[in-house]
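K.L.:
Take this structure first; my questions come after.
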Number of protein chains: 4
Amino acid sequence: MPGSSTGTLFHITTFGESHGPAVGVVVDGCPAGLAIDWQQVQAQLDRRRPGQNRLTTQRKEADELEVLSGMFEGRSLGTPIAIVIRNKDNRSKDYQKWSQVYRPSHADYTTNIKYGYRTPHGGGRASARETIGRVAAGAIAEQILRQELGIEIVAWVDSVGTVEAGLMQNTPDSRAVVDQSLVRCPDEKVSAQMINKIEEIKKAGNSIGGTIGVVVRNVPPGLGEPVFDRLEAELAKAALNLPACKGFESGSGFAGSQQTARDHNDLYTFPQSAGLQSRELPTPPLNYNDIAAVQTKSNHSGGIQGGISNGMPITMRLAFKPTATIHHEQETVNEIGQSATILPGGRHDPCVLPRAVPIVEAMVSLVLVDALFKQRALYPEWWQRFQKNNVSRPR
Amino acid sequence: MPGSSTGTLFHITTFGESHGPAVGVVVDGCPAGLAIDWQQVQAQLDRRRPGQNRLTTQRKEADELEVLSGMFEGRSLGTPIAIVIRNKDNRSKDYQKWSQVYRPSHADYTTNIKYGYRTPHGGGRASARETIGRVAAGAIAEQILRQELGIEIVAWVDSVGTVEAGLMQNTPDSRAVVDQSLVRCPDEKVSAQMINKIEEIKKAGNSIGGTIGVVVRNVPPGLGEPVFDRLEAELAKAALNLPACKGFESGSGFAGSQQTARDHNDLYTFPQSAGLQSRELPTPPLNYNDIAAVQTKSNHSGGIQGGISNGMPITMRLAFKPTATIHHEQETVNEIGQSATILPGGRHDPCVLPRAVPIVEAMVSLVLVDALFKQRALYPEWWQRFQKNNVSRPR
Amino acid sequence: MPGSSTGTLFHITTFGESHGPAVGVVVDGCPAGLAIDWQQVQAQLDRRRPGQNRLTTQRKEADELEVLSGMFEGRSLGTPIAIVIRNKDNRSKDYQKWSQVYRPSHADYTTNIKYGYRTPHGGGRASARETIGRVAAGAIAEQILRQELGIEIVAWVDSVGTVEAGLMQNTPDSRAVVDQSLVRCPDEKVSAQMINKIEEIKKAGNSIGGTIGVVVRNVPPGLGEPVFDRLEAELAKAALNLPACKGFESGSGFAGSQQTARDHNDLYTFPQSAGLQSRELPTPPLNYNDIAAVQTKSNHSGGIQGGISNGMPITMRLAFKPTATIHHEQETVNEIGQSATILPGGRHDPCVLPRAVPIVEAMVSLVLVDALFKQRALYPEWWQRFQKNNVSRPR
Amino acid sequence: MPGSSTGTLFHITTFGESHGPAVGVVVDGCPAGLAIDWQQVQAQLDRRRPGQNRLTTQRKEADELEVLSGMFEGRSLGTPIAIVIRNKDNRSKDYQKWSQVYRPSHADYTTNIKYGYRTPHGGGRASARETIGRVAAGAIAEQILRQELGIEIVAWVDSVGTVEAGLMQNTPDSRAVVDQSLVRCPDEKVSAQMINKIEEIKKAGNSIGGTIGVVVRNVPPGLGEPVFDRLEAELAKAALNLPACKGFESGSGFAGSQQTARDHNDLYTFPQSAGLQSRELPTPPLNYNDIAAVQTKSNHSGGIQGGISNGMPITMRLAFKPTATIHHEQETVNEIGQSATILPGGRHDPCVLPRAVPIVEAMVSLVLVDALFKQRALYPEWWQRFQKNNVSRPR
């Protein structure tokens with residue numbers, strides 16, 4: 001497929017350029033009968049929206065959804081759900097002056113050479129506005145995960161530049177906690193430092209990168225397809241498919257590469273509350289009840305072992321480079337290979353991290369719902385055991 | 001697809017458990033008429049092979065290929081190439097004693113709960129032996145890339161534990177340089193430190209993690225499919241699909257998240273040797289000659305911008321956790337949920353990094369050949385321009 | 001994928017219920033820079049449109065396209081082209097009275113049991129209105145095929161009930177010829193009989209089936225992927241994906257099953273105009289010029305041998321059952337399993353065949369463009385030889 | 001994918017040329033824990049095998065399976081099952097004399113022009129021998145269908161040339177009934193006529209086509225994905241992917257195109273044995289019990305409506321052209337475009353139909369198991385209702 005679709009069984013396709021008539025998404029594979037909570041979908045879109053506070057770009061978009069298909073009386077029909085969001089505040093004139101000049105570290109040059117043709121107006125598909133469709137689709141996916149398994153996905157800003165909260169071992173409990181901070185960093189003190197940093201960067205016409213942490217709770221063990229569709233691999237792909245994302249780590253990640261196995265191995269254990277189920281050596285097929293409640297004492301694996309979820313919280317961290325648009329003159333070349341300089345004038349974020357939080361949550365949702373559908377397709381008995389998710393799982 | 005296949009147009013499927021009769025791969029999508037150099041394929045397999053020197057597991061496998069189909073008189077037929085490698089040295093008795101007990105940080109528990117059934121002999125598909133098929137397929141992919149575009153892929157061990165070479169800004173020129181070191185670290189001094197470290201870890205019955213750096217040269221600009229199949233995302237997925245890989249970064253990666261755009265943006269420039277091609281403002285379609293030779297002064301982007309290659313070297317780094325098998329008694333549970341202890345006795349590597357080098361190169365090859373086929377499917381004029389790769393590209 | 005998408009490299013997704021706000025399609029994989037002729041797209045939509053003459057349903061829809069993305073100044077951007085067509089004349093009240101009752105030979109019952117939920121308003125996705133998106137996407141695909149290869153696709157009504165034109169050996173030259181007939185049967189005399197038949201059926205409140213013939217000219221040899229994506233197989237799938245289509249044959253089809261090979265084999269020959277190119281026995285790789293002009297004396301194979309096009313006209317025939325909606329009381333059951341009778345009152349066609357002609361052409365276009373992209377992805381030299389299509393091919 | 005793989009969740013890849021070392025298949029997506037009955041697999045292979053009686057080619061192949069992976073102690077592991085069958089009786093010298101000459105109505109020419117290279121030995125992938133892998137994979141799929149749903153698939157030879165049994169309304173009860181006839185036609189009298197016909201054709205060095213009928217019983221309602229993966233469409237594609245297959249019809253097929261809806265519509269009814277379940281108008285979600293037992297009085301739809309199975313027997317008919325190889329001199333051209341004549345000398349079937357019966361059954365199995373997995377992935381409650389298949393279904 002040519003790149004604007006993802007997912008095998010929960011299959012979505014996004015469309016739209018930032019400066020065309022609209023952006024949107026078609027979601028194919030949402031089971032019928034789901035009472036979609038569109039306020040929740042809108043809430044995630046609002047968290048992504050530019051102009052939501054003084055730290056983000058002043059570009060204003062109401063981002064109101066129009067649902068064109070797939071719904072009847074508030075419930076999904078099992079047919080494709082097409083969602084359209086009109087573009088309104090697209091000041092093309094901001095872009096015209098550098099239409100023939102490649103903005104450094106943007107996708108202008110690569111888009112041009114790949115397609116042999118491009119719109120001079122802004123980033124086209126490389127624009128962050130494309131992610132609206134992902135957030136809408138991800139919010140639907142998330143409702144399936146929550147209703148059927150109680151899955152909770154919480155992302156937060158873990159660092160801005162060198163200002164680090166470092167919360168991977170101390171993950172926030174909910175989005176509400178995260179949203180108490182303007183920069184979506186649940187550590188109050190670090191949050192204040194981040195805000196200062198971003199305001200300073202904004203004043204300087206510069207931009208800065210950072211990292212986002214994610215925790216996913218109540219994922220049943222068994223999701224992910226070895227060898228080439230391991231759960232970590234799907235999450236890594238989803239992460240690096242985000243504009244400006246340049247790094248991904250799962251569980252202990254890069255730090256884990258410095259450890260030895262004696263420190264890193266996660267020992268298995270049983271929670272005291274889960275009684276042992278049987279006493280004889282098992283013969284196939286497995287009795288899921290015997291081991292459904294298994295936990296690990298530590299979680300360096302980040303909830304995934306051998307590419308398959310193990311029932312512990314899934315943890316990951318994503319690195320984002322600074323957004324390329326800055327108010328400084330920079331050297332570059334134009335479309336006919338002449339030297340040029342550029343001083344971008346569009347309205348952009350000094351730090352995308354706070355707005356990226358709901359987008360990351362959406363991408364994680366899309367991966368998990370597809371993995372869930374694949375697993376229960378072949379293993380309905382697994383589903384009968386885990387759908388109720390009545391094993392208390394560690395947070 | 002259920003996970004053992006990857007690639008849209010260069011589509012491969014691996015099969016085989018480490019302790020069954022054989023492992024192998026079917027490669028579908030190798031163009032007809034390719035004079036495959038099987039010695040090169042074998043050479044990569046030999047670099048992956050256990051027992052190649054004193055630092056690796058003593059498990060010995062000749063890893064000899066049998067090609068069952070797809071070839072005639074030394075050339076590919078365009079039909080599936082099936083490759084089988086028999087398993088010989090599978091001492092199942094090493095594994096029997098812990099067949100009912102979950103090895104910590106292995107895939108035993110997750111495999112069991114996913115499938116409801118598993119072989120008690122070793123890691124099954126989670127075994128590193130599965131990667132033989134990937135290496136063989138990747139070596140074929142690489143020959144296509146080299147012959148058609150001159151692409152060179154070089155991976156090396158960049159760190160072992162906290163012993164770091166840090167060569168991302170100073171990448172090795174060739175595999176020959178890398179292979180001068182027993183641990184495949186081209187920095188002679190650091191290599192010696194790594195060897196000491198691994199021998200110490202081996203003596204302690206422990207294991208240690210590390211990182212692998214990769215550089216890919218001569219990639220033409222234009223590869224990668226935004227939005228959901230960005231080149232970085234495909235590479236990240238390929239990386240995290242490797243056993244024990246827990247992290248991936250492209251270009252500046254996590255370090256880039258600490259920078260500002262003024263430092264991070266890669267400014268476009270022209271090499272002096274490439275004359276400007278035209279003088280008038282272009283109209284669509286683009287004249288590729290005008291901009292084929294564009295370079296960037298720095299390469300924080302790691303050769304990829306907006307998910308599309310930009311013609312600069314592609315650089316990435318992968319983090320590997322320590323292999324889980326160690327010669328230490330550890331707490332765990334068994335298949336009926338009882339507490340147990342385990343003291344693994346199989347033969348395994350104190351550090352997988354040196355052997356992972358050719359596997360990483362294979363995964364990168366598989367991603368690139370598929371991206372190449374997709375690009376020239378829709379853009380044959382792009383192909384006519386870039387196939388000869390006659391633009392001198394920075395190394 | 002859940003069914004509303006098709007195509008690997010030219011990937012389309014349709015959406016929309018007949019009685020919801022809109023129907024539409026997203027086309028991902030249209031190469032950039034294509035100057036899409038929207039009048040041609042609209043022309044095919046108009047040929048599909050209900051109410052176009054006295055033989056079709058009186059349901060009137062203007063079917064005006066709105067293009068939401070993927071275009072800039074008349075050219076495609078290489079990004080997804082989203083097309084929306086609003087529903088206007090959806091008289092839901094026609095449907096309400098049988099909302100809880102299953103219409104015989106409609107998709108009501110199967111939709112209900114598959115999804116566990118359905119809209120009571122009309123056929124939902126099973127409605128012929130869904131095919132608007134296919135026609136729009138197919139018309140874009142066709143422009144690629146025409147511009148790059150000169151491919152011409154002409155479908156016609158070959159029979160209505162037992163009134164048969166039987167034109168498979170005498171295929172019409174163009175759509176203009178076909179459209180001279182109100183029922184799109186290019187045999188003037190048979191066309192008149194068909195019109196009489198349909199008017200008689202209409203008067204009786206009944207409906208009738210028929211067949212559609214298709215010829216595709218100027219297809220280069222080499223399209224189609226054995227084993228599981230043979231060109232005939234892809235065409236058969238495309239055909240049977242049409243509502244009411246119950247049969248497909250390629251070339252000699254069912255009649256060919258009654259023949260012996262002595263009668264059926266297509267002997268190879270050279271057109272006199274094509275001079276022989278060389279005189280020595282070839283060594284690989286093949287010299288395409290030697291054999292590009294090969295023809296067969298007969299064409300029982302219908303232009304496809306071994307699942308691959310052979311350069312002769314591709315011919316096929318599709319069987320359509322009578323549309324299920326008739327103005328007669330029929331026995332059935334309702335959603336709680338009670339016996340019921342039904343007398344449908346919606347406006348429908350006595351014979352769908354004439355309107356199905358452009359839909360069939362669209363489906364064929366979608367198959368061919370995807371096959372073309374796949375072939376040139378792996379065989380760019382093939383493309384360099386055949387793109388100009390300068391071999392005169394038999395019609 | 002490049003054509004040798006099929007299936008989304010039950011994903012198989014075949015490999016092997018008829019005159020290379022081996023043919024085979026990799027099955028990925030067989031659920032773990034299945035006690036595969038290899039004798040049943042072998043039984044289907046034996047029904048496909050050449051040389052099984054005086055009516056088939058005398059080419060002899062034992063077709064013995066070697067299973068390389070995916071099994072442990074008689075049960076599937078959920079990992080890829082790789083099956084290899086060595087080629088033994090490949091008398092290449094039969095083929096050498098016409099290696100440079102295109103056999104009429106074979107795939108020689110199209111293979112050559114598609115790939116630019118081909119083996120001169122026999123049909124390569126176009127050989128019927130490739131279908132061994134399909135039969136093996138299909139036999140595994142069938143065991144899943146039979147164990148989980150009681151599905152029965154029976155194919156038979158419905159006509160040889162103009163000798164027709166015409167059993168679509170009177171389908172055979174079992175394979176045992178079919179196999180009582182040497183030509184696999186369950187009508188004793190017609191069977192004798194067919195045998196005479198085939199012997200006459202064989203004597204004349206000719207070959208003849210025919211049709212195969214298929215009935216599938218106990219398919220639950222709800223399988224098939226509208227719009228582009230309708231169950232009929234998947235079956236049609238599977239059919240036309242068979243060598244020599246040129247036509248497919250579902251239910252009434254081409255004959256249905258001659259009918260009116262008053263005759264063709266299938267009226268819904270309840271079997272007397274199935275009591276009505278409830279008395280009030282339903283609200284979503286549907287109560288499956290209310291309508292699980294719905295039947296239709298006639299079955300012109302062939303068990304599929306709107307692309308979705310309706311619980312009635314699925315019926316279809318496939319047309320096969322005569323095999324191209326005959327012992328008669330025929331005009332043709334060679335690889336350098338010179339006129340030539342050819343008199344093939346290999347051993348081939350005068351009529352492939354009897355041997356095609358198990359291959360057709362295999363293809364149908366592959367389609368159904370994939371459709372089943374897709375349906376229960378999204379609709380586990382559907383599965384809980386229908387897995388026991390305790391509704392008595394019409395045969």
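Going by the structure tokens order, chains are called A, B, ..., each with residues numbered from 1, while ligands are numbered from 1 in the order shown.
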Where does DSSP see alpha helix (DSSP H) in range 183-223 of chain C, if you list the residues as a list in words?
P.N.:
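In range 183-223 of chain C, DSSP puts these residues in alpha helix (DSSP H): Glu188, Lys189, Val190, Ser191, Ala192, Gln193, Met194, Ile195, Asn196, Lys197, Ile198, Glu199, Glu200, Ile201, Lys202 and Lys203 of chain C.
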K.L.:
Those same residues, written as a short mmCIF file (atom, residue, chain, number, x, y, z; two decimals), in the first residue's frame with N, CA and C atoms?
P.N.:
```cif
data_model
loop_
_atom_site.label_atom_id
_atom_site.label_comp_id
_atom_site.auth_asym_id
_atom_site.auth_seq_id
_atom_site.Cartn_x
_atom_site.Cartn_y
_atom_site.Cartn_z
N GLU C 188 -27.54 -3.33 -33.15
CA GLU C 188 -28.73 -2.49 -33.22
C GLU C 188 -30.03 -3.27 -33.08
N LYS C 189 -30.07 -4.40 -33.79
CA LYS C 189 -31.29 -5.20 -33.81
C LYS C 189 -31.55 -5.84 -32.45
N VAL C 190 -30.50 -6.44 -31.90
CA VAL C 190 -30.65 -7.07 -30.59
C VAL C 190 -30.96 -6.02 -29.52
N SER C 191 -30.35 -4.85 -29.66
CA SER C 191 -30.59 -3.76 -28.73
C SER C 191 -32.09 -3.44 -28.65
N ALA C 192 -32.71 -3.38 -29.80
CA ALA C 192 -34.16 -3.10 -29.83
C ALA C 192 -34.93 -4.18 -29.09
N GLN C 193 -34.54 -5.43 -29.29
CA GLN C 193 -35.22 -6.54 -28.60
C GLN C 193 -35.01 -6.44 -27.08
N MET C 194 -33.81 -6.07 -26.71
CA MET C 194 -33.53 -5.92 -25.27
C MET C 194 -34.40 -4.84 -24.66
N ILE C 195 -34.50 -3.72 -25.36
CA ILE C 195 -35.32 -2.62 -24.85
C ILE C 195 -36.77 -3.06 -24.66
N ASN C 196 -37.28 -3.75 -25.65
CA ASN C 196 -38.64 -4.28 -25.51
C ASN C 196 -38.76 -5.19 -24.31
N LYS C 197 -37.78 -6.05 -24.15
CA LYS C 197 -37.82 -7.01 -23.05
C LYS C 197 -37.83 -6.28 -21.71
N ILE C 198 -36.96 -5.29 -21.59
CA ILE C 198 -36.86 -4.58 -20.31
C ILE C 198 -38.13 -3.81 -20.01
N GLU C 199 -38.72 -3.22 -21.03
CA GLU C 199 -39.97 -2.48 -20.78
C GLU C 199 -41.09 -3.42 -20.35
N GLU C 200 -41.10 -4.56 -20.94
CA GLU C 200 -42.10 -5.57 -20.57
C GLU C 200 -41.90 -6.01 -19.10
N ILE C 201 -40.65 -6.25 -18.76
CA ILE C 201 -40.32 -6.66 -17.39
C ILE C 201 -40.67 -5.56 -16.40
N LYS C 202 -40.40 -4.33 -16.80
CA LYS C 202 -40.68 -3.19 -15.93
C LYS C 202 -42.17 -3.08 -15.67
N LYS C 203 -42.93 -3.24 -16.73
CA LYS C 203 -44.38 -3.16 -16.61
C LYS C 203 -44.90 -4.23 -15.65
#
```
K.L.:
Using only C-alpha atoms, I'd like a table of the residues in range 150-202 of chain D that come within 12 Å of range 362-368 of chain D; for each, show the closest atom pair and its distance in Å rounded to one decimal, ordered by chain and ascending number, as JSON lines.
P.N.:
```
{"residue": "D:Ile151", "atom": "CA", "partner": "D:Ser365", "partner_atom": "CA", "distance": 9.4}
{"residue": "D:Glu152", "atom": "CA", "partner": "D:Ser365", "partner_atom": "CA", "distance": 9.5}
{"residue": "D:Ile153", "atom": "CA", "partner": "D:Ser365", "partner_atom": "CA", "distance": 7.7}
{"residue": "D:Val154", "atom": "CA", "partner": "D:Val364", "partner_atom": "CA", "distance": 9.9}
{"residue": "D:Ala155", "atom": "CA", "partner": "D:Val364", "partner_atom": "CA", "distance": 9.8}
```
K.L.:
One decimal, in Å: what's the spacing between CA of Arg134 in chain A and CA of Val214 in chain A?
P.N.:
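Pair CA of Arg134 in chain A / CA of Val214 in chain A returns 17.1 Å.
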K.L.:
For Asp37 in chain D, which residue out of D:Cys245, D:Ala261, D:Ile140, D:Ile326 is the nearest one, using only C-alpha atoms?
P.N.:
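That would be D:Ile140, the residue with the smallest distance to Asp37 in chain D.
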K.L.:
Find the distance between CA of Ile113 in chain D and CA of Gly337 in chain D and write it in Å to one decimal.
P.N.:
12.4 Å
K.L.:
What residues in chain B lie within 7 Å of chain C, counting only C-alpha atoms, written as an MDAnalysis selection string?
P.N.:
chainID B and resid 31 33 285 373:374 376:378
K.L.:
Tell me, as a list in words, which residues lie within 8 Å of Gln259 in chain A, counting only C-alpha atoms; anything in the same chain fewer than 5 positions away does not count.
P.N.:
His264 of chain A; Gly161, Ile208, Gly209, Lys321 and Pro322 of chain B
K.L.:
Give me, as a PyMOL selection string, all polymer residues having an atom no more than 6 Å from range 232-234 of chain B, counting only C-alpha atoms and skipping those fewer than 4 positions away in the same chain.
P.N.:
(chain A and resi 237+240-241) or (chain B and resi 307)
K.L.:
Could you write out that same residue set with N, CA and C atoms as a compact mmCIF listing (two decimals), in the first residue's frame?
P.N.:
```
# COMPACT_ATOMS: atom_id res chain seq x y z
N LYS A 237 7.36 1.22 14.86
CA LYS A 237 6.97 1.74 13.55
C LYS A 237 5.95 2.87 13.71
N LEU A 240 7.85 6.03 14.93
CA LEU A 240 8.69 6.69 13.93
C LEU A 240 7.88 7.18 12.74
N ASN A 241 6.63 6.78 12.64
CA ASN A 241 5.75 7.34 11.62
C ASN A 241 5.24 8.72 11.99
N GLY B 307 10.32 11.26 6.41
CA GLY B 307 10.11 9.83 6.16
C GLY B 307 10.66 9.34 4.84
```
K.L.:
Got a sec to tell me which of range 59-292 of chain C DSSP assigns to strand (DSSP E), as a compact mmCIF listing (two decimals) with N, CA and C atoms, in the first residue's frame?
P.N.:
```txt
# COMPACT_ATOMS: atom_id res chain seq x y z
N GLU C 66 -16.96 16.10 -5.05
CA GLU C 66 -16.14 17.10 -4.39
C GLU C 66 -14.79 16.45 -4.08
N VAL C 67 -13.71 17.09 -4.54
CA VAL C 67 -12.38 16.54 -4.31
C VAL C 67 -11.76 17.25 -3.12
N MET C 71 -4.88 17.03 -4.85
CA MET C 71 -4.76 17.75 -6.12
C MET C 71 -4.22 19.16 -5.87
N PHE C 72 -3.44 19.65 -6.82
CA PHE C 72 -3.01 21.04 -6.77
C PHE C 72 -2.91 21.56 -8.19
N ARG C 75 -3.33 19.03 -11.04
CA ARG C 75 -2.49 17.85 -11.08
C ARG C 75 -2.52 17.10 -9.75
N SER C 76 -2.35 15.79 -9.86
CA SER C 76 -2.29 14.97 -8.65
C SER C 76 -0.97 15.23 -7.92
N ILE C 81 -6.17 10.97 -2.87
CA ILE C 81 -7.23 11.79 -3.46
C ILE C 81 -8.54 11.36 -2.83
N ALA C 82 -9.12 12.23 -2.02
CA ALA C 82 -10.39 11.91 -1.37
C ALA C 82 -11.53 12.57 -2.14
N ILE C 83 -12.51 11.76 -2.49
CA ILE C 83 -13.63 12.24 -3.29
C ILE C 83 -14.92 11.95 -2.53
N VAL C 84 -15.75 12.96 -2.42
CA VAL C 84 -17.02 12.81 -1.69
C VAL C 84 -18.18 13.16 -2.62
N ILE C 85 -19.21 12.33 -2.56
CA ILE C 85 -20.45 12.61 -3.30
C ILE C 85 -21.59 12.56 -2.29
N ARG C 86 -22.25 13.69 -2.14
CA ARG C 86 -23.34 13.78 -1.15
C ARG C 86 -24.56 12.99 -1.64
N GLU C 152 -7.29 0.56 -23.89
CA GLU C 152 -8.71 0.89 -24.06
C GLU C 152 -9.56 -0.22 -23.48
N ILE C 153 -10.52 0.16 -22.65
CA ILE C 153 -11.42 -0.81 -22.02
C ILE C 153 -12.83 -0.51 -22.49
N VAL C 154 -13.46 -1.48 -23.11
CA VAL C 154 -14.83 -1.29 -23.59
C VAL C 154 -15.70 -2.45 -23.10
N ALA C 155 -16.76 -2.11 -22.36
CA ALA C 155 -17.73 -3.11 -21.92
C ALA C 155 -19.06 -2.84 -22.60
N TRP C 156 -19.88 -3.86 -22.72
CA TRP C 156 -21.19 -3.71 -23.35
C TRP C 156 -22.14 -4.77 -22.80
N VAL C 157 -23.42 -4.54 -23.00
CA VAL C 157 -24.43 -5.52 -22.58
C VAL C 157 -24.50 -6.59 -23.67
N ASP C 158 -24.14 -7.81 -23.29
CA ASP C 158 -24.10 -8.88 -24.29
C ASP C 158 -25.39 -9.69 -24.32
N SER C 159 -26.11 -9.70 -23.21
CA SER C 159 -27.42 -10.36 -23.21
C SER C 159 -28.30 -9.77 -22.12
N VAL C 160 -29.59 -9.82 -22.34
CA VAL C 160 -30.61 -9.47 -21.34
C VAL C 160 -31.57 -10.65 -21.31
N VAL C 163 -32.26 -12.84 -24.44
CA VAL C 163 -31.96 -12.05 -25.65
C VAL C 163 -30.46 -11.81 -25.71
N GLU C 164 -29.80 -12.49 -26.63
CA GLU C 164 -28.34 -12.47 -26.63
C GLU C 164 -27.78 -11.82 -27.89
N GLY C 210 -28.71 -10.68 -16.94
CA GLY C 210 -28.04 -10.60 -18.24
C GLY C 210 -26.55 -10.72 -18.10
N THR C 211 -25.87 -10.51 -19.20
CA THR C 211 -24.41 -10.61 -19.19
C THR C 211 -23.76 -9.36 -19.79
N ILE C 212 -22.56 -9.10 -19.35
CA ILE C 212 -21.77 -7.99 -19.87
C ILE C 212 -20.47 -8.55 -20.44
N GLY C 213 -20.17 -8.13 -21.66
CA GLY C 213 -18.90 -8.50 -22.27
C GLY C 213 -17.89 -7.37 -22.11
N VAL C 214 -16.63 -7.73 -22.07
CA VAL C 214 -15.58 -6.72 -21.93
C VAL C 214 -14.42 -7.09 -22.85
N VAL C 215 -13.86 -6.08 -23.51
CA VAL C 215 -12.62 -6.27 -24.24
C VAL C 215 -11.65 -5.18 -23.79
N VAL C 216 -10.39 -5.58 -23.61
CA VAL C 216 -9.34 -4.62 -23.24
C VAL C 216 -8.23 -4.73 -24.29
N ARG C 217 -7.97 -3.61 -24.93
CA ARG C 217 -6.98 -3.63 -26.02
C ARG C 217 -5.70 -2.89 -25.62
N CYS C 245 -23.39 -9.81 -9.39
CA CYS C 245 -22.58 -10.62 -10.31
C CYS C 245 -22.44 -12.03 -9.76
N LYS C 246 -22.77 -13.02 -10.57
CA LYS C 246 -22.70 -14.42 -10.12
C LYS C 246 -21.84 -15.30 -11.01
N GLY C 247 -21.24 -14.71 -12.04
CA GLY C 247 -20.42 -15.56 -12.90
C GLY C 247 -19.40 -14.74 -13.67
N PHE C 248 -18.30 -15.41 -14.01
CA PHE C 248 -17.21 -14.76 -14.74
C PHE C 248 -16.57 -15.79 -15.65
N GLU C 249 -16.26 -15.39 -16.88
CA GLU C 249 -15.44 -16.26 -17.70
C GLU C 249 -14.43 -15.43 -18.48
N SER C 250 -13.30 -16.02 -18.70
CA SER C 250 -12.18 -15.37 -19.37
C SER C 250 -11.95 -16.11 -20.68
N TYR C 268 0.89 -19.57 -32.09
CA TYR C 268 1.66 -18.32 -32.16
C TYR C 268 2.03 -17.98 -33.59
N THR C 269 2.13 -16.69 -33.85
CA THR C 269 2.50 -16.23 -35.17
C THR C 269 3.11 -14.84 -35.06
```
K.L.:
Can you measure CA of Ser69 in chain B to CA of Gly20 in chain B for me? One decimal in Å is fine.
P.N.:
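The value is 21.5 Å.
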K.L.:
Which residues are near Trp38 in chain D? Cut-off 10 Å, only C-alpha atoms, ignore same chain within fewer than 2 positions. Put them as a list in words.
P.N.:
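Once the adjacent positions are removed, what remains is Ala35, Ile36, Gln40, Val41, Gln42, Ala43, Gln44, Leu65, Val67, Gly74, Ala136, Ala139 and Ile140 of chain D.
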K.L.:
Can I get the selection written as a PDB file, in the first residue's frame, with C-alpha atoms?
P.N.:
```
ATOM      1  CA  ALA D  35      -3.583 -32.418  16.006  1.00  0.00           C
ATOM      2  CA  ILE D  36      -3.048 -32.504  12.259  1.00  0.00           C
ATOM      3  CA  GLN D  40      -5.875 -36.997   5.508  1.00  0.00           C
ATOM      4  CA  VAL D  41      -3.373 -34.587   3.997  1.00  0.00           C
ATOM      5  CA  GLN D  42      -1.692 -37.442   2.170  1.00  0.00           C
ATOM      6  CA  ALA D  43      -5.060 -38.771   1.032  1.00  0.00           C
ATOM      7  CA  GLN D  44      -5.824 -35.508  -0.732  1.00  0.00           C
ATOM      8  CA  LEU D  65       5.664 -34.983   2.504  1.00  0.00           C
ATOM      9  CA  VAL D  67       7.442 -31.509   7.474  1.00  0.00           C
ATOM     10  CA  GLY D  74       1.777 -34.320  16.466  1.00  0.00           C
ATOM     11  CA  ALA D 136      -1.298 -29.842   1.465  1.00  0.00           C
ATOM     12  CA  ALA D 139      -5.992 -30.093   3.702  1.00  0.00           C
ATOM     13  CA  ILE D 140      -4.772 -28.463   6.909  1.00  0.00           C
TER      14      ILE D 140
END
```
K.L.:
Just want the 9 Å neighbourhood of Thr119 in chain C, counted on only C-alpha atoms, with same-chain residues fewer than 5 positions away dropped. Output as an MDAnalysis selection string.
P.N.:
(chainID A and resid 71:73 77) or (chainID C and resid 19 99 112 124)
K.L.:
Excluding Arg393 in chain A and residues on its chain fewer than 5 positions from it, collect all residues at most 10 Å away from it, counting only C-alpha atoms, and give them as a ChimeraX atom specification.
P.N.:
/A:217-220,271,292-295,311-313
K.L.:
With only C-alpha atoms as the atoms that count, which of D:Lys388, D:Arg129, D:His348, D:His327 lies nearest to Lys88 in chain D?
P.N.:
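Closest to Lys88 in chain D of all the choices is D:Arg129.
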